[in-house]
Amino acid sequence: MITIMDFGILIKEARKQKGYTQRDLAKKLGIDFTYLSKLENNRPDYAPKEELIRKLADCLDLEENELIFLAGRIPSEDEDLIKQHYQNMPLLFRRMRENPEFATKIFQQAKIMEKKCPL
């Protein structure tokens, strides 16, 4: 069974594993602890910017791009690729939604390619 991770839960669990209070981590990030609390509870007034997500990842030893995607954002270095293929993106996502096996095959192939040709 696949576990779907939630942005807020992930950062909350990682913060606790590091032994940080919300105030400790918020101070390191340069944000108000109330905003961090809202992020952890998935109730922010506004989505976190990529820079903040990268700082969170760094402080909590999480993978930056995975955290950015989990937050519902697109890493800035991937924006051009998506713009170049904007007409095909809806088809790709629709196929993955409608056919989970197709999505699994794409992700498996990407992992194989990553092992063969790491960046």
# chains A, B, ... in the order shown; residues from 1 in each chain; ligands from 1
$ closest_atom_pairs --of "stretch 37-73 of chain A" --to "stretch 12-15 of chain A" --cutoff "9 Å" --atoms "only C-alpha atoms" --output "tab-separated table"
residue	atom	partner	partner_atom	distance
A:Ser37	CA	A:Lys12	CA	8.7
A:Leu39	CA	A:Lys12	CA	8.8
A:Glu40	CA	A:Lys12	CA	5.6
A:Asn41	CA	A:Lys12	CA	8.5
A:Cys59	CA	A:Arg15	CA	8.5
A:Leu60	CA	A:Ala14	CA	5.9
A:Asp61	CA	A:Ala14	CA	8.1
A:Leu62	CA	A:Ala14	CA	8.1
$ closest_residue --among "A:Met113, A:Leu56, A:Leu91, A:Met96" --to "A:Lys18" --atoms "only C-alpha atoms"
A:Leu56
$ atom_distance --atom1 "atom CA of A:Asn88" --atom2 "atom CA of A:Ile74"
16.5 Å
$ closest_residue --among "A:Leu81, A:Ile11, A:Ile106, A:Ala26" --to "A:Ala57" --atoms "only C-alpha atoms"
A:Ile11
$ select_by_dssp --residues "chain A" --states "helix (DSSP H, G or I)" --output "ChimeraX atom specification"
/A:7-18,22-29,33-40,50-60,64-70,76-84,89-98,100-116
$ atom_distance --atom1 "atom CA of A:Ser76" --atom2 "atom CA of A:Glu50"
8.0 Å
$ decode --residues "chain A" --atoms "C-alpha atoms" --output "compact mmCIF listing (two decimals), in the first residue's frame"
# COMPACT_ATOMS: atom_id res chain seq x y z
CA MET A 1 0.00 0.00 0.00
CA ILE A 2 1.27 3.46 -0.90
CA THR A 3 1.35 6.03 1.88
CA ILE A 4 0.57 9.53 0.74
CA MET A 5 2.61 11.99 2.77
CA ASP A 6 1.27 15.37 3.68
CA PHE A 7 3.47 18.51 3.65
CA GLY A 8 2.40 19.67 7.12
CA ILE A 9 2.71 16.25 8.72
CA LEU A 10 6.14 15.69 7.18
CA ILE A 11 7.63 18.97 8.41
CA LYS A 12 6.04 18.55 11.84
CA GLU A 13 7.45 15.02 12.24
CA ALA A 14 10.87 16.08 10.94
CA ARG A 15 10.91 19.08 13.30
CA LYS A 16 10.13 16.87 16.28
CA GLN A 17 12.78 14.33 15.25
CA LYS A 18 15.33 17.16 15.24
CA GLY A 19 14.18 18.22 18.71
CA TYR A 20 13.09 21.69 17.63
CA THR A 21 10.12 23.52 19.06
CA GLN A 22 8.04 25.53 16.61
CA ARG A 23 9.63 28.68 18.02
CA ASP A 24 13.17 27.26 17.57
CA LEU A 25 12.60 26.31 13.95
CA ALA A 26 10.70 29.48 13.12
CA LYS A 27 13.60 31.54 14.46
CA LYS A 28 16.08 29.60 12.27
CA LEU A 29 13.81 30.20 9.26
CA GLY A 30 13.20 33.87 10.00
CA ILE A 31 9.43 33.46 10.17
CA ASP A 32 6.80 33.83 12.88
CA PHE A 33 6.09 30.59 14.74
CA THR A 34 2.37 31.06 14.10
CA TYR A 35 2.99 30.75 10.35
CA LEU A 36 5.00 27.56 10.94
CA SER A 37 2.10 26.22 12.99
CA LYS A 38 -0.27 26.99 10.12
CA LEU A 39 2.07 25.21 7.69
CA GLU A 40 2.23 22.15 9.92
CA ASN A 41 -1.56 22.08 10.13
CA ASN A 42 -2.03 22.77 6.40
CA ARG A 43 -3.81 26.05 7.11
CA PRO A 44 -1.50 28.81 5.90
CA ASP A 45 -2.97 32.11 4.76
CA TYR A 46 -0.61 31.90 1.79
CA ALA A 47 1.51 29.14 0.29
CA PRO A 48 5.16 29.04 1.33
CA LYS A 49 7.63 30.41 -1.18
CA GLU A 50 10.23 28.13 -2.69
CA GLU A 51 13.02 29.84 -0.73
CA LEU A 52 11.29 29.06 2.58
CA ILE A 53 10.64 25.46 1.54
CA ARG A 54 14.33 25.06 0.68
CA LYS A 55 15.29 26.48 4.10
CA LEU A 56 12.86 24.06 5.77
CA ALA A 57 14.39 21.17 3.85
CA ASP A 58 17.90 22.25 4.85
CA CYS A 59 17.05 22.66 8.55
CA LEU A 60 15.15 19.37 8.69
CA ASP A 61 17.44 17.29 6.43
CA LEU A 62 14.70 16.71 3.86
CA GLU A 63 15.09 16.53 0.09
CA GLU A 64 14.40 20.03 -1.27
CA ASN A 65 12.64 19.24 -4.54
CA GLU A 66 10.49 16.52 -2.98
CA LEU A 67 9.36 19.00 -0.32
CA ILE A 68 8.67 21.65 -2.96
CA PHE A 69 6.47 19.24 -4.92
CA LEU A 70 4.75 18.08 -1.74
CA ALA A 71 3.93 21.73 -0.97
CA GLY A 72 2.15 21.92 -4.32
CA ARG A 73 4.83 23.99 -6.01
CA ILE A 74 7.09 23.37 -8.97
CA PRO A 75 10.84 23.79 -8.44
CA SER A 76 12.04 26.84 -10.35
CA GLU A 77 14.54 24.75 -12.32
CA ASP A 78 11.65 22.62 -13.68
CA GLU A 79 9.40 25.49 -14.78
CA ASP A 80 11.02 25.89 -18.21
CA LEU A 81 10.66 22.19 -18.97
CA ILE A 82 6.98 22.30 -18.10
CA LYS A 83 6.48 25.44 -20.17
CA GLN A 84 8.19 23.80 -23.16
CA HIS A 85 5.79 20.85 -22.92
CA TYR A 86 2.71 22.66 -21.66
CA GLN A 87 0.47 21.14 -24.33
CA ASN A 88 1.42 17.58 -23.35
CA MET A 89 1.29 18.01 -19.58
CA PRO A 90 -2.52 17.67 -19.25
CA LEU A 91 -2.40 14.44 -21.27
CA LEU A 92 0.42 13.04 -19.15
CA PHE A 93 -1.33 13.81 -15.87
CA ARG A 94 -4.69 12.56 -17.13
CA ARG A 95 -3.12 9.27 -18.25
CA MET A 96 -1.42 8.85 -14.87
CA ARG A 97 -4.68 9.56 -13.01
CA GLU A 98 -6.76 7.23 -15.18
CA ASN A 99 -4.17 4.46 -15.30
CA PRO A 100 -2.13 4.06 -12.11
CA GLU A 101 -0.13 1.25 -13.73
CA PHE A 102 1.02 3.72 -16.40
CA ALA A 103 2.15 6.13 -13.68
CA THR A 104 3.97 3.33 -11.86
CA LYS A 105 5.81 2.36 -15.05
CA ILE A 106 6.90 5.95 -15.69
CA PHE A 107 8.24 6.34 -12.16
CA GLN A 108 9.98 2.97 -12.26
CA GLN A 109 11.64 3.86 -15.55
CA ALA A 110 12.76 7.21 -14.13
CA LYS A 111 14.36 5.43 -11.16
CA ILE A 112 16.13 3.00 -13.49
CA MET A 113 17.47 5.88 -15.58
CA GLU A 114 18.60 7.72 -12.44
CA LYS A 115 20.63 4.69 -11.35
CA LYS A 116 22.17 4.24 -14.81
CA CYS A 117 22.90 7.92 -15.44
CA PRO A 118 22.92 9.89 -12.17
CA LEU A 119 22.98 13.64 -12.60
